[in-house]
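The next block is my_file08.pdb, given as PDB, C-alpha atoms and all ligand atoms.
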```pdb
MODEL        1
ATOM      1  CA  MET X   1       0.000   0.000   0.000
ATOM      2  CA  THR X   2       1.416   3.356  -0.937
ATOM      3  CA  SER X   3       1.050   6.037   1.654
ATOM      4  CA  HIS X   4       1.730   9.723   1.197
ATOM      5  CA  THR X   5       1.167  12.177   3.951
ATOM      6  CA  TYR X   6       1.031  15.786   3.020
ATOM      7  CA  SER X   7      -0.746  18.907   3.976
ATOM      8  CA  THR X   8      -3.833  19.828   2.027
ATOM      9  CA  ARG X   9      -5.695  22.809   3.374
ATOM     10  CA  ALA X  10      -2.851  24.367   5.197
ATOM     11  CA  ASP X  11      -1.437  26.463   2.379
ATOM     12  CA  SER X  12      -4.667  28.033   1.248
ATOM     13  CA  ALA X  13      -6.034  28.192   4.778
ATOM     14  CA  GLU X  14      -3.068  30.125   6.041
ATOM     15  CA  ASP X  15      -3.616  32.739   3.385
ATOM     16  CA  ASP X  16      -7.046  33.653   4.575
ATOM     17  CA  HIS X  17      -7.106  32.574   8.204
ATOM     18  CA  GLU X  18      -4.103  32.805  10.455
ATOM     19  CA  ALA X  19      -5.433  30.464  13.130
ATOM     20  CA  ALA X  20      -6.127  27.629  10.696
ATOM     21  CA  PRO X  21      -4.522  24.444  11.979
ATOM     22  CA  ARG X  22      -2.462  22.238   9.747
ATOM     23  CA  VAL X  23      -4.439  19.103   9.148
ATOM     24  CA  GLU X  24      -2.238  16.469   7.609
ATOM     25  CA  VAL X  25      -4.261  14.062   5.529
ATOM     26  CA  ASN X  26      -2.958  10.575   4.965
ATOM     27  CA  ARG X  27      -3.739   9.870   1.323
ATOM     28  CA  ASP X  28      -3.090   6.189   1.000
ATOM     29  CA  THR X  29      -4.666   4.567  -1.996
ATOM     30  CA  ARG X  30      -7.683   3.258  -0.062
ATOM     31  CA  ARG X  31      -8.708   6.773   0.691
ATOM     32  CA  SER X  32     -10.043   7.447  -2.775
ATOM     33  CA  LEU X  33     -12.373   4.482  -3.099
ATOM     34  CA  PRO X  34     -16.004   5.115  -4.045
ATOM     35  CA  PRO X  35     -18.568   4.375  -1.311
ATOM     36  CA  ASP X  36     -19.115   0.695  -0.548
ATOM     37  CA  PRO X  37     -22.243  -0.200  -2.578
ATOM     38  CA  LYS X  38     -23.279  -2.620   0.184
ATOM     39  CA  PRO X  39     -22.181  -0.998   3.439
ATOM     40  CA  ILE X  40     -21.779  -3.281   6.431
ATOM     41  CA  MET X  41     -23.944  -0.896   8.469
ATOM     42  CA  GLU X  42     -26.423   1.754   7.408
ATOM     43  CA  CYS X  43     -28.450   4.415   9.156
ATOM     44  CA  ASP X  44     -31.544   5.667   7.402
ATOM     45  CA  GLY X  45     -33.473   8.574   8.878
ATOM     46  CA  VAL X  46     -32.192   7.902  12.389
ATOM     47  CA  ASP X  47     -33.537  10.052  15.218
ATOM     48  CA  VAL X  48     -32.414   9.431  18.786
ATOM     49  CA  TYR X  49     -34.428  10.768  21.700
ATOM     50  CA  TYR X  50     -33.798  11.033  25.410
ATOM     51  CA  GLY X  51     -37.371  11.298  26.673
ATOM     52  CA  ASP X  52     -38.899  14.176  24.670
ATOM     53  CA  PHE X  53     -35.534  15.608  23.745
ATOM     54  CA  ARG X  54     -34.398  14.710  20.240
ATOM     55  CA  ALA X  55     -30.596  14.580  20.478
ATOM     56  CA  VAL X  56     -29.989  13.366  16.913
ATOM     57  CA  THR X  57     -32.163  14.148  13.888
ATOM     58  CA  ASP X  58     -32.576  12.348  10.575
ATOM     59  CA  VAL X  59     -29.152  10.820  10.114
ATOM     60  CA  SER X  60     -28.624   8.709   7.006
ATOM     61  CA  LEU X  61     -25.238   7.262   6.104
ATOM     62  CA  GLY X  62     -23.529   3.970   5.316
ATOM     63  CA  PHE X  63     -20.374   2.503   6.838
ATOM     64  CA  GLY X  64     -18.160   0.590   4.408
ATOM     65  CA  HIS X  65     -16.629  -2.847   4.960
ATOM     66  CA  ASN X  66     -13.019  -2.681   6.098
ATOM     67  CA  GLU X  67     -13.084   1.056   6.269
ATOM     68  CA  ILE X  68     -12.429   3.438   9.105
ATOM     69  CA  THR X  69     -15.167   6.040   9.383
ATOM     70  CA  ALA X  70     -14.673   9.052  11.646
ATOM     71  CA  LEU X  71     -17.570  10.941  13.237
ATOM     72  CA  ILE X  72     -16.515  14.493  14.067
ATOM     73  CA  GLY X  73     -18.247  17.652  15.243
ATOM     74  CA  PRO X  74     -18.586  19.964  18.230
ATOM     75  CA  SER X  75     -19.390  18.771  21.717
ATOM     76  CA  GLY X  76     -23.055  17.889  22.177
ATOM     77  CA  CYS X  77     -23.831  17.282  18.495
ATOM     78  CA  GLY X  78     -24.780  13.684  19.232
ATOM     79  CA  LYS X  79     -21.744  11.688  18.092
ATOM     80  CA  SER X  80     -21.718   9.372  21.120
ATOM     81  CA  THR X  81     -25.489   9.097  21.026
ATOM     82  CA  LEU X  82     -25.410   8.021  17.379
ATOM     83  CA  LEU X  83     -22.489   5.647  17.980
ATOM     84  CA  ARG X  84     -24.354   3.961  20.826
ATOM     85  CA  SER X  85     -27.378   3.515  18.573
ATOM     86  CA  LEU X  86     -25.218   1.402  16.245
ATOM     87  CA  ASN X  87     -24.934  -1.496  18.692
ATOM     88  CA  ARG X  88     -27.965  -0.903  20.893
ATOM     89  CA  MET X  89     -25.885   0.461  23.730
ATOM     90  CA  ASN X  90     -28.589   3.136  24.101
ATOM     91  CA  ASP X  91     -30.925   0.346  25.253
ATOM     92  CA  LEU X  92     -29.092   0.594  28.567
ATOM     93  CA  ILE X  93     -30.211   4.236  28.982
ATOM     94  CA  VAL X  94     -33.815   4.122  30.170
ATOM     95  CA  SER X  95     -34.946   7.353  28.508
ATOM     96  CA  ALA X  96     -33.223   6.687  25.163
ATOM     97  CA  ARG X  97     -35.228   5.762  22.068
ATOM     98  CA  VAL X  98     -34.054   5.205  18.503
ATOM     99  CA  GLU X  99     -36.304   5.838  15.505
ATOM    100  CA  GLY X 100     -35.549   5.214  11.850
ATOM    101  CA  SER X 101     -33.536   2.301  10.584
ATOM    102  CA  VAL X 102     -30.142   0.952  11.610
ATOM    103  CA  THR X 103     -29.117  -2.102   9.616
ATOM    104  CA  PHE X 104     -26.208  -4.517   9.835
ATOM    105  CA  HIS X 105     -25.739  -6.644   6.702
ATOM    106  CA  GLY X 106     -29.075  -5.245   5.560
ATOM    107  CA  GLN X 107     -30.993  -6.458   8.650
ATOM    108  CA  SER X 108     -32.439  -4.136  11.259
ATOM    109  CA  ILE X 109     -30.573  -4.399  14.554
ATOM    110  CA  TYR X 110     -33.770  -3.251  16.284
ATOM    111  CA  GLY X 111     -35.957  -6.026  14.844
ATOM    112  CA  LYS X 112     -38.181  -7.707  17.425
ATOM    113  CA  ASP X 113     -36.424 -11.059  17.134
ATOM    114  CA  VAL X 114     -32.958  -9.565  17.403
ATOM    115  CA  ASP X 115     -30.955 -10.284  20.544
ATOM    116  CA  PRO X 116     -29.175  -7.092  21.671
ATOM    117  CA  ILE X 117     -26.404  -9.145  23.296
ATOM    118  CA  GLU X 118     -25.657 -10.771  19.953
ATOM    119  CA  VAL X 119     -25.724  -7.331  18.299
ATOM    120  CA  ARG X 120     -23.115  -6.111  20.792
ATOM    121  CA  ARG X 121     -21.009  -9.203  20.212
ATOM    122  CA  ARG X 122     -20.856  -8.607  16.476
ATOM    123  CA  ILE X 123     -20.582  -4.844  16.827
ATOM    124  CA  GLY X 124     -18.108  -4.300  19.656
ATOM    125  CA  MET X 125     -17.296  -1.071  21.448
ATOM    126  CA  VAL X 126     -14.204   0.562  22.935
ATOM    127  CA  PHE X 127     -14.829   3.459  25.287
ATOM    128  CA  GLN X 128     -13.176   6.796  25.898
ATOM    129  CA  LYS X 129     -11.628   5.861  29.215
ATOM    130  CA  PRO X 130      -9.800   2.538  29.252
ATOM    131  CA  ASN X 131     -11.960   0.316  31.459
ATOM    132  CA  PRO X 132     -10.285  -3.040  32.051
ATOM    133  CA  PHE X 133     -12.057  -5.275  34.541
ATOM    134  CA  PRO X 134     -10.286  -5.704  37.899
ATOM    135  CA  LYS X 135      -9.059  -9.082  36.712
ATOM    136  CA  SER X 136      -5.879 -10.498  35.261
ATOM    137  CA  ILE X 137      -4.804  -9.521  31.750
ATOM    138  CA  TYR X 138      -5.630 -13.061  30.631
ATOM    139  CA  ASP X 139      -9.070 -13.031  32.225
ATOM    140  CA  ASN X 140      -9.900  -9.643  30.737
ATOM    141  CA  VAL X 141      -9.412 -11.080  27.253
ATOM    142  CA  ALA X 142     -11.021 -14.435  28.034
ATOM    143  CA  TYR X 143     -14.032 -12.790  29.691
ATOM    144  CA  GLY X 144     -16.112 -12.200  26.549
ATOM    145  CA  PRO X 145     -15.575 -15.668  25.043
ATOM    146  CA  ARG X 146     -16.429 -17.229  28.422
ATOM    147  CA  VAL X 147     -19.616 -15.287  29.139
ATOM    148  CA  THR X 148     -20.916 -15.616  25.603
ATOM    149  CA  GLY X 149     -20.202 -19.356  25.659
ATOM    150  CA  MET X 150     -18.036 -19.133  22.547
ATOM    151  CA  LYS X 151     -16.737 -22.497  21.374
ATOM    152  CA  VAL X 152     -12.994 -22.213  21.724
ATOM    153  CA  SER X 153     -10.529 -25.022  21.097
ATOM    154  CA  SER X 154      -7.772 -23.333  23.094
ATOM    155  CA  MET X 155      -8.453 -20.290  25.244
ATOM    156  CA  ASP X 156      -4.682 -19.742  25.560
ATOM    157  CA  ASP X 157      -4.400 -19.467  21.786
ATOM    158  CA  LEU X 158      -7.368 -17.149  21.558
ATOM    159  CA  VAL X 159      -5.963 -14.858  24.268
ATOM    160  CA  GLU X 160      -2.596 -14.782  22.516
ATOM    161  CA  GLU X 161      -4.213 -14.046  19.159
ATOM    162  CA  ALA X 162      -6.315 -11.179  20.515
ATOM    163  CA  LEU X 163      -3.366  -9.668  22.376
ATOM    164  CA  THR X 164      -1.167 -10.012  19.290
ATOM    165  CA  LYS X 165      -3.755  -8.351  17.067
ATOM    166  CA  SER X 166      -4.058  -5.520  19.533
ATOM    167  CA  ALA X 167      -0.271  -5.050  19.541
ATOM    168  CA  LEU X 168       0.064  -5.834  23.241
ATOM    169  CA  TRP X 169       1.304  -9.437  23.334
ATOM    170  CA  ASP X 170       5.024  -8.681  23.456
ATOM    171  CA  GLU X 171       4.553  -6.316  26.375
ATOM    172  CA  VAL X 172       2.399  -8.629  28.494
ATOM    173  CA  LYS X 173       3.195 -12.214  27.528
ATOM    174  CA  ASP X 174       5.252 -12.780  30.683
ATOM    175  CA  LYS X 175       2.682 -11.304  33.043
ATOM    176  CA  LEU X 176      -0.667 -12.561  31.864
ATOM    177  CA  LYS X 177      -1.714 -13.251  35.459
ATOM    178  CA  ASP X 178      -1.056  -9.666  36.567
ATOM    179  CA  SER X 179      -3.990  -7.309  36.944
ATOM    180  CA  GLY X 180      -5.097  -5.414  33.838
ATOM    181  CA  LEU X 181      -5.343  -2.360  36.058
ATOM    182  CA  GLY X 182      -1.554  -2.397  36.535
ATOM    183  CA  LEU X 183      -0.929  -1.510  32.898
ATOM    184  CA  SER X 184      -0.316   2.012  31.578
ATOM    185  CA  GLY X 185      -3.276   3.908  30.103
ATOM    186  CA  GLY X 186      -2.249   3.155  26.534
ATOM    187  CA  GLN X 187      -1.694  -0.516  27.342
ATOM    188  CA  GLN X 188      -5.055  -0.643  29.122
ATOM    189  CA  GLN X 189      -6.751   0.738  26.007
ATOM    190  CA  ARG X 190      -5.035  -1.907  23.854
ATOM    191  CA  LEU X 191      -6.187  -4.496  26.413
ATOM    192  CA  CYS X 192      -9.741  -3.202  25.960
ATOM    193  CA  ILE X 193      -9.323  -3.543  22.199
ATOM    194  CA  ALA X 194      -8.053  -7.121  22.733
ATOM    195  CA  ARG X 195     -11.079  -7.804  24.940
ATOM    196  CA  THR X 196     -13.344  -6.478  22.195
ATOM    197  CA  ILE X 197     -11.760  -8.458  19.369
ATOM    198  CA  ALA X 198     -11.579 -11.702  21.406
ATOM    199  CA  ILE X 199     -15.271 -12.243  20.716
ATOM    200  CA  ARG X 200     -14.684 -11.827  16.986
ATOM    201  CA  PRO X 201     -16.847  -8.825  16.168
ATOM    202  CA  GLU X 202     -17.165  -7.525  12.626
ATOM    203  CA  VAL X 203     -17.493  -3.867  13.517
ATOM    204  CA  ILE X 204     -15.615  -1.992  16.235
ATOM    205  CA  LEU X 205     -17.103   1.253  17.541
ATOM    206  CA  MET X 206     -14.656   3.559  19.297
ATOM    207  CA  ASP X 207     -15.716   6.631  21.239
ATOM    208  CA  GLU X 208     -12.730   8.965  21.562
ATOM    209  CA  PRO X 209     -10.462   6.004  22.323
ATOM    210  CA  CYS X 210      -7.319   8.126  22.625
ATOM    211  CA  SER X 211      -8.584  11.116  24.557
ATOM    212  CA  ALA X 212      -7.029   9.851  27.805
ATOM    213  CA  LEU X 213      -3.729   8.893  26.180
ATOM    214  CA  ASP X 214      -0.421  10.613  25.510
ATOM    215  CA  PRO X 215       0.764  11.199  21.926
ATOM    216  CA  ILE X 216       2.910   8.040  21.807
ATOM    217  CA  ALA X 217       0.110   5.792  23.059
ATOM    218  CA  THR X 218      -2.269   7.604  20.689
ATOM    219  CA  SER X 219      -0.001   6.931  17.768
ATOM    220  CA  ARG X 220       0.143   3.211  18.650
ATOM    221  CA  ILE X 221      -3.636   2.993  18.757
ATOM    222  CA  GLU X 222      -3.870   4.808  15.413
ATOM    223  CA  ASP X 223      -1.396   2.374  13.836
ATOM    224  CA  LEU X 224      -3.384  -0.449  15.347
ATOM    225  CA  MET X 225      -6.635   0.845  13.873
ATOM    226  CA  ILE X 226      -5.087   0.883  10.423
ATOM    227  CA  GLU X 227      -3.900  -2.722  10.901
ATOM    228  CA  LEU X 228      -7.277  -3.840  12.230
ATOM    229  CA  ARG X 229      -9.062  -2.302   9.260
ATOM    230  CA  ASP X 230      -8.049  -5.306   7.130
ATOM    231  CA  GLU X 231     -10.264  -7.488   9.285
ATOM    232  CA  TYR X 232     -12.822  -5.167  10.840
ATOM    233  CA  SER X 233     -14.911  -2.153   9.961
ATOM    234  CA  ILE X 234     -14.170   0.644  12.402
ATOM    235  CA  ILE X 235     -16.305   3.645  13.346
ATOM    236  CA  ILE X 236     -14.529   6.165  15.529
ATOM    237  CA  VAL X 237     -15.699   9.318  17.260
ATOM    238  CA  THR X 238     -12.863  11.769  17.681
ATOM    239  CA  HIS X 239     -12.365  15.395  18.629
ATOM    240  CA  ASN X 240      -8.902  15.245  17.188
ATOM    241  CA  MET X 241      -9.146  16.328  13.575
ATOM    242  CA  GLN X 242      -5.560  15.334  12.897
ATOM    243  CA  GLN X 243      -6.522  11.872  14.072
ATOM    244  CA  ALA X 244      -9.523  11.717  11.739
ATOM    245  CA  ALA X 245      -7.307  12.908   8.905
ATOM    246  CA  ARG X 246      -4.630  10.329   9.728
ATOM    247  CA  VAL X 247      -6.766   7.239  10.139
ATOM    248  CA  ALA X 248     -10.193   7.636   8.585
ATOM    249  CA  ASP X 249     -11.116   6.690   5.041
ATOM    250  CA  ARG X 250     -14.375   8.597   5.317
ATOM    251  CA  THR X 251     -15.441  11.331   7.684
ATOM    252  CA  ALA X 252     -18.890  12.468   8.751
ATOM    253  CA  PHE X 253     -19.217  15.999  10.135
ATOM    254  CA  PHE X 254     -22.093  16.682  12.513
ATOM    255  CA  THR X 255     -23.292  19.873  14.096
ATOM    256  CA  ALA X 256     -25.978  20.856  16.590
ATOM    257  CA  LEU X 257     -28.726  23.233  15.501
ATOM    258  CA  ALA X 258     -31.774  24.616  17.258
ATOM    259  CA  ALA X 259     -34.684  22.382  16.279
ATOM    260  CA  GLU X 260     -37.837  23.952  14.896
ATOM    261  CA  GLY X 261     -40.505  24.242  17.538
ATOM    262  CA  SER X 262     -38.730  23.211  20.743
ATOM    263  CA  GLY X 263     -35.623  25.328  20.143
ATOM    264  CA  ASP X 264     -33.542  22.512  21.688
ATOM    265  CA  ARG X 265     -30.254  21.915  19.958
ATOM    266  CA  THR X 266     -30.297  18.695  18.003
ATOM    267  CA  GLY X 267     -27.513  16.887  16.171
ATOM    268  CA  LEU X 268     -27.517  16.790  12.367
ATOM    269  CA  LEU X 269     -25.237  15.248   9.794
ATOM    270  CA  VAL X 270     -23.858  18.109   7.710
ATOM    271  CA  GLU X 271     -21.540  16.324   5.339
ATOM    272  CA  TYR X 272     -20.176  12.837   4.756
ATOM    273  CA  ASP X 273     -17.423  12.150   2.279
ATOM    274  CA  LEU X 274     -13.920  10.866   1.751
ATOM    275  CA  THR X 275     -11.666  12.215   4.482
ATOM    276  CA  THR X 276      -9.419  13.733   1.850
ATOM    277  CA  LYS X 277     -12.386  15.691   0.502
ATOM    278  CA  ILE X 278     -13.707  16.772   3.905
ATOM    279  CA  PHE X 279     -10.327  18.203   4.892
ATOM    280  CA  SER X 280      -9.379  19.728   1.554
ATOM    281  CA  ALA X 281     -12.565  20.816  -0.207
ATOM    282  CA  PRO X 282     -15.625  20.395   2.013
ATOM    283  CA  ALA X 283     -18.920  21.109   0.268
ATOM    284  CA  ASP X 284     -20.585  22.841   3.210
ATOM    285  CA  GLU X 285     -19.462  26.104   4.747
ATOM    286  CA  ARG X 286     -20.152  24.772   8.255
ATOM    287  CA  THR X 287     -17.675  21.945   7.702
ATOM    288  CA  GLU X 288     -15.154  24.414   6.363
ATOM    289  CA  ASN X 289     -15.552  26.628   9.412
ATOM    290  CA  TYR X 290     -15.190  23.703  11.798
ATOM    291  CA  ILE X 291     -12.126  22.111  10.251
ATOM    292  CA  SER X 292     -10.388  25.451   9.948
ATOM    293  CA  GLY X 293     -10.963  26.150  13.644
ATOM    294  CA  ARG X 294     -13.456  28.990  13.169
ATOM    295  CA  PHE X 295     -16.193  27.213  15.059
ATOM    296  CA  GLY X 296     -16.716  24.487  17.634
TER     297      GLY X 296
HETATM  298  N1  LIG X 301     -28.009   9.820  28.961
HETATM  299  C1  LIG X 301     -28.476  10.979  28.487
HETATM  300  N2  LIG X 301     -29.643  11.476  28.924
HETATM  301  C2  LIG X 301     -30.148  12.650  28.464
HETATM  302  N3  LIG X 301     -29.506  13.422  27.536
HETATM  303  C3  LIG X 301     -28.335  12.973  27.077
HETATM  304  C4  LIG X 301     -27.750  11.736  27.514
HETATM  305  N4  LIG X 301     -26.578  11.558  26.872
HETATM  306  C5  LIG X 301     -26.423  12.629  26.060
HETATM  307  N5  LIG X 301     -27.474  13.472  26.179
HETATM  308  C6  LIG X 301     -27.679  14.735  25.450
HETATM  309  O1  LIG X 301     -27.687  14.442  24.053
HETATM  310  C7  LIG X 301     -26.970  15.431  23.335
HETATM  311  C8  LIG X 301     -25.864  14.762  22.552
HETATM  312  O2  LIG X 301     -24.919  14.255  23.492
HETATM  313  P1  LIG X 301     -23.702  13.325  23.062
HETATM  314  O3  LIG X 301     -23.028  12.898  24.308
HETATM  315  O4  LIG X 301     -24.170  12.296  22.124
HETATM  316  O5  LIG X 301     -22.806  14.391  22.258
HETATM  317  P2  LIG X 301     -21.320  14.247  21.705
HETATM  318  O6  LIG X 301     -21.341  14.785  20.320
HETATM  319  O7  LIG X 301     -20.829  12.865  21.911
HETATM  320  O8  LIG X 301     -20.537  15.269  22.645
HETATM  321  P3  LIG X 301     -19.026  15.213  23.178
HETATM  322  O9  LIG X 301     -18.190  15.595  22.008
HETATM  323  O10 LIG X 301     -18.999  16.252  24.250
HETATM  324  O11 LIG X 301     -18.753  13.834  23.688
HETATM  325  C9  LIG X 301     -26.490  16.440  24.351
HETATM  326  O12 LIG X 301     -27.422  17.514  24.375
HETATM  327  C10 LIG X 301     -26.517  15.682  25.659
HETATM  328  O13 LIG X 301     -26.761  16.530  26.751
HETATM  329 MG    MG X 302     -19.294  12.038  23.053
ENDMDL
END
```

Once more with this new file: its structure as structure tokens, please.
Ligand SMILES: Nc1ncnc2c1ncn2[C@@H]1O[C@H](COP(=O)(O)OP(=O)(O)OP(=O)(O)O)[C@@H](O)[C@H]1O
Ligand SMILES: [Mg+2]
Amino acid sequence: MTSHTYSTRADSAEDDHEAAPRVEVNRDTRRSLPPDPKPIMECDGVDVYYGDFRAVTDVSLGFGHNEITALIGPSGCGKSTLLRSLNRMNDLIVSARVEGSVTFHGQSIYGKDVDPIEVRRRIGMVFQKPNPFPKSIYDNVAYGPRVTGMKVSSMDDLVEEALTKSALWDEVKDKLKDSGLGLSGGQQQRLCIARTIAIRPEVILMDEPCSALDPIATSRIEDLMIELRDEYSIIIVTHNMQQAARVADRTAFFTALAAEGSGDRTGLLVEYDLTTKIFSAPADERTENYISGRFG
């Protein structure tokens, strides 16, 4: 795979706006592919409510197989809310309600015969703050396969495979019985990724997975995401535009606008396109203002 990293907006942006950040866009060859004609997941007219409050309004977009999709936008625009609606994590919030359609392989994940536990197994999630269980490193990874009753010929092999894929094996192979809580923040987040991939999901949702990490740990997780993309489809919420530009094939920009009637601010999808396009020639002025640091 050829990979060229160079600055796109910076030159023109600096001419007209001194504060414009440099957003380096990784333009590897996969970043110019047309949209997946059969996305692994699709939202169609998705609204998410908390009680009467509509936090997300009318979101329609598809997530490609073996792509990394970034969801970006200002705080409160509903990124986490939308992400949680993609694996029924919102079911755990009593007031939350999802309307519209969310499909996985063309099937609604909210269908009445669908088991939400199975949805969350196939569409895994990594959270903002690393949250290993207070158990050994080994047991953290083995936890999912054990509780879901996965048929496993060798748990040792499965643990090793998940830790290898999450780029942690070499650092922990001699201390698998030590507590997961004794690892550094970056290692804990890779342990959480290992825990997620141990149950063999197809999609991995990540909500600001690097926001608690230093730049070196962040860079490792970003490299890891790019490796994992060969096997998984990844949807990541990030506030770090450089991160979206570095890792994401496609980027969706959301904003929050006052809804007609109630006046409450509700999250809307403004623009969804190749990351290269979003960061170099966005179609919507609101995206332009956000990525150039003029808003949000
Ligand atoms: N559990 C909840 N109950 C009620 N309202 C909620 C809940 N979670 C989020 N909200 C509201 O929904 C809206 C969207 O919140 P959400 O956390 O999805 O935004 P976000 O884009 O992820 O923001 P941030 O970038 O700060 O994480 C906000 O107005 C928020 O107050
Ligand atoms: Mg959030």

- Message: ligand LIG 301 (chain X): which residues are within 9 Å, counting only C-alpha atoms and all ligand atoms? Reply as a PyMOL selection string.
- Response: chain X and resi 48-51+53-56+71-84+90+93-96+207-208+237-239+254-256+264-267

What would the file look like if the residues just selected were written as a PDB file, in the coordinates of the input with C-alpha atoms?
```pdb
ATOM      1  CA  VAL X  48     -32.414   9.431  18.786  1.00  0.00           C
ATOM      2  CA  TYR X  49     -34.428  10.768  21.700  1.00  0.00           C
ATOM      3  CA  TYR X  50     -33.798  11.033  25.410  1.00  0.00           C
ATOM      4  CA  GLY X  51     -37.371  11.298  26.673  1.00  0.00           C
ATOM      5  CA  PHE X  53     -35.534  15.608  23.745  1.00  0.00           C
ATOM      6  CA  ARG X  54     -34.398  14.710  20.240  1.00  0.00           C
ATOM      7  CA  ALA X  55     -30.596  14.580  20.478  1.00  0.00           C
ATOM      8  CA  VAL X  56     -29.989  13.366  16.913  1.00  0.00           C
ATOM      9  CA  LEU X  71     -17.570  10.941  13.237  1.00  0.00           C
ATOM     10  CA  ILE X  72     -16.515  14.493  14.067  1.00  0.00           C
ATOM     11  CA  GLY X  73     -18.247  17.652  15.243  1.00  0.00           C
ATOM     12  CA  PRO X  74     -18.586  19.964  18.230  1.00  0.00           C
ATOM     13  CA  SER X  75     -19.390  18.771  21.717  1.00  0.00           C
ATOM     14  CA  GLY X  76     -23.055  17.889  22.177  1.00  0.00           C
ATOM     15  CA  CYS X  77     -23.831  17.282  18.495  1.00  0.00           C
ATOM     16  CA  GLY X  78     -24.780  13.684  19.232  1.00  0.00           C
ATOM     17  CA  LYS X  79     -21.744  11.688  18.092  1.00  0.00           C
ATOM     18  CA  SER X  80     -21.718   9.372  21.120  1.00  0.00           C
ATOM     19  CA  THR X  81     -25.489   9.097  21.026  1.00  0.00           C
ATOM     20  CA  LEU X  82     -25.410   8.021  17.379  1.00  0.00           C
ATOM     21  CA  LEU X  83     -22.489   5.647  17.980  1.00  0.00           C
ATOM     22  CA  ARG X  84     -24.354   3.961  20.826  1.00  0.00           C
ATOM     23  CA  ASN X  90     -28.589   3.136  24.101  1.00  0.00           C
ATOM     24  CA  ILE X  93     -30.211   4.236  28.982  1.00  0.00           C
ATOM     25  CA  VAL X  94     -33.815   4.122  30.170  1.00  0.00           C
ATOM     26  CA  SER X  95     -34.946   7.353  28.508  1.00  0.00           C
ATOM     27  CA  ALA X  96     -33.223   6.687  25.163  1.00  0.00           C
ATOM     28  CA  ASP X 207     -15.716   6.631  21.239  1.00  0.00           C
ATOM     29  CA  GLU X 208     -12.730   8.965  21.562  1.00  0.00           C
ATOM     30  CA  VAL X 237     -15.699   9.318  17.260  1.00  0.00           C
ATOM     31  CA  THR X 238     -12.863  11.769  17.681  1.00  0.00           C
ATOM     32  CA  HIS X 239     -12.365  15.395  18.629  1.00  0.00           C
ATOM     33  CA  PHE X 254     -22.093  16.682  12.513  1.00  0.00           C
ATOM     34  CA  THR X 255     -23.292  19.873  14.096  1.00  0.00           C
ATOM     35  CA  ALA X 256     -25.978  20.856  16.590  1.00  0.00           C
ATOM     36  CA  ASP X 264     -33.542  22.512  21.688  1.00  0.00           C
ATOM     37  CA  ARG X 265     -30.254  21.915  19.958  1.00  0.00           C
ATOM     38  CA  THR X 266     -30.297  18.695  18.003  1.00  0.00           C
ATOM     39  CA  GLY X 267     -27.513  16.887  16.171  1.00  0.00           C
TER      40      GLY X 267
END
```

- Note on the structure: Residue with the minimum atom-to-atom distance to ligand MG 302 (chain X), picked from X:Pro201, X:Ile236, X:Ser60, X:Pro130 with only C-alpha atoms and all ligand atoms counted, is X:Ile236

- Task: Tell me, in Å to one decimal, how far atom CA of X:Leu213 is from atom CA of X:Ile68.
- Result: 19.9 Å

- Which residues, written as an MDAnalysis selection string, have at least one atom at most 7 Å from X:Ile235, with all atoms listed in the file counted and residues fewer than 3 positions away on the same chain left out? chainID X and resid 68:70 204:206

- Residue with the minimum atom-to-atom distance to X:Arg229, picked from X:Val25, X:Val141, X:Ala248, X:Ala283 with only C-alpha atoms counted, is X:Ala248

- What is the atom CA of X:Glu160 to atom CA of X:Asn131 distance in Å?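 One can read the atom CA of X:Glu160 to atom CA of X:Asn131 distance as 19.9 Å.
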
- Tell me, as a list in words, which residues lie within 12 Å of X:Asp44, counting all atoms listed in the file; anything in the same chain fewer than 2 positions away does not count.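 The neighbour list is Met41, Glu42, Val46, Asp47, Thr57, Asp58, Val59, Ser60, Leu61, Gly62, Phe63, Leu82, Leu86, Val98, Glu99, Gly100, Ser101, Val102, Thr103, Phe104, Gly106, Ser108 and Leu269 of chain X.
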
- Task: Report the residues retrieved by the PyMOL selection byres (((chain X and resi 277) around 10) and not hetatm) from the displayed file, expressed as a ChimeraX atom specification.
- Result: /X:8,25,31-32,250-251,272-276,278-283
